[in-house]
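S.K.: For reference, the structure I am asking about is given below.
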Amino acid sequence: MLCTNIKIFIVLLYLLTNTKSLDLDSQYLDLEATVTSRPLPHELQVMFNNKTDFELMMEDCMREYASCLGSNIVRLNPICAIKENNERKVFNTLCDMGYINCKLQRGAWRYMRDTIC
């Protein structure tokens with residue numbers, strides 16, 4: 001047992017006196033410089049780079065909806081909306097009505113009042 005402890009002590013003493021062999025920082029930096037990221041598979045590249053106009057429009061609608069919900073002007077009361085043909089519909093928020101109008105690509109629904117129709 002004493003012999004094993006002495007061997008461990010000698011190895012530690014050697015490592016501490018030879019700092020070049022323990023230059024872990026430079027080894028880490030060299031390793032970091034050689035690491036490259038893995039490229040996306042072809043199918044994902046096509047999906048991210050070749051979006052249709054409809055997909056881009058839906059992304060814009062979703063961005064506007066998220067922005068609206070994140071704003072301080074959102075009222076959490078249901079609203080009544082009306083169409084040109086006098087059809088009425090209840091939306092949970094004004095943002096919901098705006099999102100539906102964006103998806104329809106026209107302003108079909110208009111705000112009427114802050115109550116259920």
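Simple scheme: letters A, B, ... for chains in structure tokens order, numbers from 1 for residues in each chain, numbers from 1 for ligands in the order shown.
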For segment 52-62 of chain A, find every residue with an atom within 10 Å (counting only C-alpha atoms), except residues of its own chain fewer than 3 positions away, and show them as an mmCIF file with N, CA, C and O atoms, in the first residue's frame.

M.R.:
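Final file, selection.cif:
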data_model
loop_
_atom_site.group_PDB
_atom_site.id
_atom_site.type_symbol
_atom_site.label_atom_id
_atom_site.label_comp_id
_atom_site.auth_asym_id
_atom_site.auth_seq_id
_atom_site.Cartn_x
_atom_site.Cartn_y
_atom_site.Cartn_z
ATOM 1 N N MET A 47 -36.382 22.270 -47.666
ATOM 2 C CA MET A 47 -37.539 22.751 -46.918
ATOM 3 C C MET A 47 -37.320 24.170 -46.408
ATOM 4 O O MET A 47 -38.215 25.004 -46.448
ATOM 5 N N ASN A 49 -35.037 26.469 -47.580
ATOM 6 C CA ASN A 49 -34.627 27.435 -48.594
ATOM 7 C C ASN A 49 -35.629 27.624 -49.722
ATOM 8 O O ASN A 49 -35.590 28.624 -50.413
ATOM 9 N N TYR A 65 -49.317 37.733 -35.611
ATOM 10 C CA TYR A 65 -50.177 37.256 -34.518
ATOM 11 C C TYR A 65 -49.401 37.205 -33.205
ATOM 12 O O TYR A 65 -49.877 37.675 -32.175
ATOM 13 N N ALA A 66 -48.201 36.664 -33.243
ATOM 14 C CA ALA A 66 -47.373 36.588 -32.029
ATOM 15 C C ALA A 66 -47.017 37.983 -31.537
ATOM 16 O O ALA A 66 -47.021 38.246 -30.325
ATOM 17 N N SER A 67 -46.737 38.880 -32.462
ATOM 18 C CA SER A 67 -46.423 40.257 -32.082
ATOM 19 C C SER A 67 -47.631 40.931 -31.442
ATOM 20 O O SER A 67 -47.503 41.652 -30.452
ATOM 21 N N CYS A 68 -48.799 40.696 -31.996
ATOM 22 C CA CYS A 68 -50.032 41.274 -31.456
ATOM 23 C C CYS A 68 -50.292 40.755 -30.046
ATOM 24 O O CYS A 68 -50.601 41.528 -29.137
ATOM 25 N N GLY A 98 -57.488 39.402 -36.523
ATOM 26 C CA GLY A 98 -56.440 39.820 -37.452
ATOM 27 C C GLY A 98 -55.735 38.642 -38.094
ATOM 28 O O GLY A 98 -55.399 38.669 -39.278
ATOM 29 N N TYR A 99 -55.522 37.571 -37.319
ATOM 30 C CA TYR A 99 -54.855 36.382 -37.845
ATOM 31 C C TYR A 99 -55.715 35.714 -38.918
ATOM 32 O O TYR A 99 -55.221 35.327 -39.978
ATOM 33 N N ILE A 100 -57.015 35.593 -38.663
ATOM 34 C CA ILE A 100 -57.920 34.987 -39.651
ATOM 35 C C ILE A 100 -57.957 35.837 -40.915
ATOM 36 O O ILE A 100 -57.902 35.316 -42.030
ATOM 37 N N ASN A 101 -58.030 37.145 -40.759
ATOM 38 C CA ASN A 101 -58.016 38.034 -41.927
ATOM 39 C C ASN A 101 -56.724 37.888 -42.718
ATOM 40 O O ASN A 101 -56.729 37.902 -43.949
ATOM 41 N N CYS A 102 -55.607 37.760 -42.033
ATOM 42 C CA CYS A 102 -54.317 37.594 -42.707
ATOM 43 C C CYS A 102 -54.291 36.283 -43.481
ATOM 44 O O CYS A 102 -53.846 36.246 -44.628
ATOM 45 N N LYS A 103 -54.782 35.213 -42.874
ATOM 46 C CA LYS A 103 -54.798 33.917 -43.555
ATOM 47 C C LYS A 103 -55.701 33.937 -44.778
ATOM 48 O O LYS A 103 -55.428 33.280 -45.773
ATOM 49 N N GLN A 105 -56.108 36.463 -46.630
ATOM 50 C CA GLN A 105 -55.457 37.421 -47.524
ATOM 51 C C GLN A 105 -56.357 38.607 -47.865
ATOM 52 O O GLN A 105 -56.227 39.225 -48.904
#

S.K.: Under the rule that only C-alpha atoms are counted, which of A:Arg63, A:Val90, A:Asp96, A:Thr36 is the nearest residue to Arg113 of chain A?

M.R.: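 Answer, going by the shortest atom-to-atom distance: A:Val90.
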
S.K.: Pick out each residue of segment 33-72 of chain A that DSSP on the backbone tags as alpha helix (DSSP H); I need them as a list in words.

M.R.: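 Alpha helix (DSSP H) members of segment 33-72 of chain A, listed: Ala33, Thr34, His42, Glu43, Leu44, Gln45, Val46, Met47, Phe48, Asn49, Asp53, Phe54, Glu55, Leu56, Met57, Met58, Glu59, Asp60, Cys61, Met62, Arg63, Glu64, Tyr65, Ala66, Ser67, Cys68, Leu69 and Gly70 of chain A.
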
S.K.: For the selection just defined, write its residues with N, CA and C atoms to a file, as a PDB file, in the first residue's frame.

M.R.:
ATOM      1  N   ALA A  33     -10.772  24.499 -32.665  1.00  0.00           N
ATOM      2  CA  ALA A  33     -10.556  25.008 -34.015  1.00  0.00           C
ATOM      3  C   ALA A  33     -10.795  23.928 -35.064  1.00  0.00           C
ATOM      4  N   THR A  34     -10.648  22.667 -34.713  1.00  0.00           N
ATOM      5  CA  THR A  34     -10.812  21.595 -35.691  1.00  0.00           C
ATOM      6  C   THR A  34     -12.242  21.082 -35.777  1.00  0.00           C
ATOM      7  N   HIS A  42     -30.094  17.166 -47.150  1.00  0.00           N
ATOM      8  CA  HIS A  42     -30.601  17.831 -48.347  1.00  0.00           C
ATOM      9  C   HIS A  42     -32.092  18.156 -48.231  1.00  0.00           C
ATOM     10  N   GLU A  43     -32.881  17.234 -47.681  1.00  0.00           N
ATOM     11  CA  GLU A  43     -34.329  17.444 -47.567  1.00  0.00           C
ATOM     12  C   GLU A  43     -34.643  18.662 -46.704  1.00  0.00           C
ATOM     13  N   LEU A  44     -33.886  18.841 -45.602  1.00  0.00           N
ATOM     14  CA  LEU A  44     -34.123  19.998 -44.738  1.00  0.00           C
ATOM     15  C   LEU A  44     -33.667  21.291 -45.400  1.00  0.00           C
ATOM     16  N   GLN A  45     -32.567  21.243 -46.159  1.00  0.00           N
ATOM     17  CA  GLN A  45     -32.121  22.433 -46.872  1.00  0.00           C
ATOM     18  C   GLN A  45     -33.173  22.881 -47.869  1.00  0.00           C
ATOM     19  N   VAL A  46     -33.763  21.933 -48.578  1.00  0.00           N
ATOM     20  CA  VAL A  46     -34.817  22.264 -49.538  1.00  0.00           C
ATOM     21  C   VAL A  46     -36.016  22.868 -48.809  1.00  0.00           C
ATOM     22  N   MET A  47     -36.382  22.270 -47.666  1.00  0.00           N
ATOM     23  CA  MET A  47     -37.539  22.751 -46.918  1.00  0.00           C
ATOM     24  C   MET A  47     -37.320  24.170 -46.408  1.00  0.00           C
ATOM     25  N   PHE A  48     -36.116  24.492 -45.922  1.00  0.00           N
ATOM     26  CA  PHE A  48     -35.851  25.815 -45.369  1.00  0.00           C
ATOM     27  C   PHE A  48     -35.591  26.866 -46.449  1.00  0.00           C
ATOM     28  N   ASN A  49     -35.037  26.469 -47.580  1.00  0.00           N
ATOM     29  CA  ASN A  49     -34.627  27.435 -48.594  1.00  0.00           C
ATOM     30  C   ASN A  49     -35.629  27.624 -49.722  1.00  0.00           C
ATOM     31  N   ASP A  53     -44.762  30.820 -51.799  1.00  0.00           N
ATOM     32  CA  ASP A  53     -45.308  32.118 -51.393  1.00  0.00           C
ATOM     33  C   ASP A  53     -46.337  31.950 -50.285  1.00  0.00           C
ATOM     34  N   PHE A  54     -47.133  30.881 -50.367  1.00  0.00           N
ATOM     35  CA  PHE A  54     -48.139  30.625 -49.344  1.00  0.00           C
ATOM     36  C   PHE A  54     -47.484  30.366 -47.983  1.00  0.00           C
ATOM     37  N   GLU A  55     -46.417  29.565 -47.971  1.00  0.00           N
ATOM     38  CA  GLU A  55     -45.718  29.285 -46.709  1.00  0.00           C
ATOM     39  C   GLU A  55     -45.105  30.557 -46.122  1.00  0.00           C
ATOM     40  N   LEU A  56     -44.538  31.405 -46.973  1.00  0.00           N
ATOM     41  CA  LEU A  56     -43.976  32.671 -46.494  1.00  0.00           C
ATOM     42  C   LEU A  56     -45.065  33.574 -45.934  1.00  0.00           C
ATOM     43  N   MET A  57     -46.229  33.595 -46.597  1.00  0.00           N
ATOM     44  CA  MET A  57     -47.336  34.407 -46.113  1.00  0.00           C
ATOM     45  C   MET A  57     -47.836  33.893 -44.753  1.00  0.00           C
ATOM     46  N   MET A  58     -47.928  32.576 -44.608  1.00  0.00           N
ATOM     47  CA  MET A  58     -48.372  32.003 -43.330  1.00  0.00           C
ATOM     48  C   MET A  58     -47.390  32.338 -42.212  1.00  0.00           C
ATOM     49  N   GLU A  59     -46.097  32.324 -42.521  1.00  0.00           N
ATOM     50  CA  GLU A  59     -45.096  32.712 -41.521  1.00  0.00           C
ATOM     51  C   GLU A  59     -45.272  34.172 -41.117  1.00  0.00           C
ATOM     52  N   ASP A  60     -45.559  35.045 -42.098  1.00  0.00           N
ATOM     53  CA  ASP A  60     -45.797  36.455 -41.788  1.00  0.00           C
ATOM     54  C   ASP A  60     -47.035  36.617 -40.912  1.00  0.00           C
ATOM     55  N   CYS A  61     -48.092  35.875 -41.227  1.00  0.00           N
ATOM     56  CA  CYS A  61     -49.317  35.946 -40.418  1.00  0.00           C
ATOM     57  C   CYS A  61     -49.029  35.505 -38.982  1.00  0.00           C
ATOM     58  N   MET A  62     -48.269  34.443 -38.836  1.00  0.00           N
ATOM     59  CA  MET A  62     -47.964  33.936 -37.495  1.00  0.00           C
ATOM     60  C   MET A  62     -47.091  34.926 -36.732  1.00  0.00           C
ATOM     61  N   ARG A  63     -46.142  35.561 -37.425  1.00  0.00           N
ATOM     62  CA  ARG A  63     -45.294  36.583 -36.778  1.00  0.00           C
ATOM     63  C   ARG A  63     -46.138  37.757 -36.296  1.00  0.00           C
ATOM     64  N   GLU A  64     -47.051  38.235 -37.150  1.00  0.00           N
ATOM     65  CA  GLU A  64     -47.924  39.339 -36.773  1.00  0.00           C
ATOM     66  C   GLU A  64     -48.812  38.957 -35.592  1.00  0.00           C
ATOM     67  N   TYR A  65     -49.317  37.733 -35.611  1.00  0.00           N
ATOM     68  CA  TYR A  65     -50.177  37.256 -34.518  1.00  0.00           C
ATOM     69  C   TYR A  65     -49.401  37.205 -33.205  1.00  0.00           C
ATOM     70  N   ALA A  66     -48.201  36.664 -33.243  1.00  0.00           N
ATOM     71  CA  ALA A  66     -47.373  36.588 -32.029  1.00  0.00           C
ATOM     72  C   ALA A  66     -47.017  37.983 -31.537  1.00  0.00           C
ATOM     73  N   SER A  67     -46.737  38.880 -32.462  1.00  0.00           N
ATOM     74  CA  SER A  67     -46.423  40.257 -32.082  1.00  0.00           C
ATOM     75  C   SER A  67     -47.631  40.931 -31.442  1.00  0.00           C
ATOM     76  N   CYS A  68     -48.799  40.696 -31.996  1.00  0.00           N
ATOM     77  CA  CYS A  68     -50.032  41.274 -31.456  1.00  0.00           C
ATOM     78  C   CYS A  68     -50.292  40.755 -30.046  1.00  0.00           C
ATOM     79  N   LEU A  69     -50.153  39.442 -29.854  1.00  0.00           N
ATOM     80  CA  LEU A  69     -50.392  38.867 -28.522  1.00  0.00           C
ATOM     81  C   LEU A  69     -49.375  39.364 -27.503  1.00  0.00           C
ATOM     82  N   GLY A  70     -48.176  39.684 -27.965  1.00  0.00           N
ATOM     83  CA  GLY A  70     -47.138  40.161 -27.063  1.00  0.00           C
ATOM     84  C   GLY A  70     -47.235  41.635 -26.741  1.00  0.00           C
TER      85      GLY A  70
END

S.K.: For Met97 of chain A, work out the shell of residues within 10 Å, counting only C-alpha atoms and skipping chain neighbours fewer than 2 positions away, then give it as a ChimeraX atom specification.

M.R.: /A:65,79-81,89-95,99-102,107-111

S.K.: From the list A:Ile6, A:Leu76, A:Met112, A:Leu104, which residue is nearest Arg88 of chain A when using only C-alpha atoms?

M.R.: A:Met112
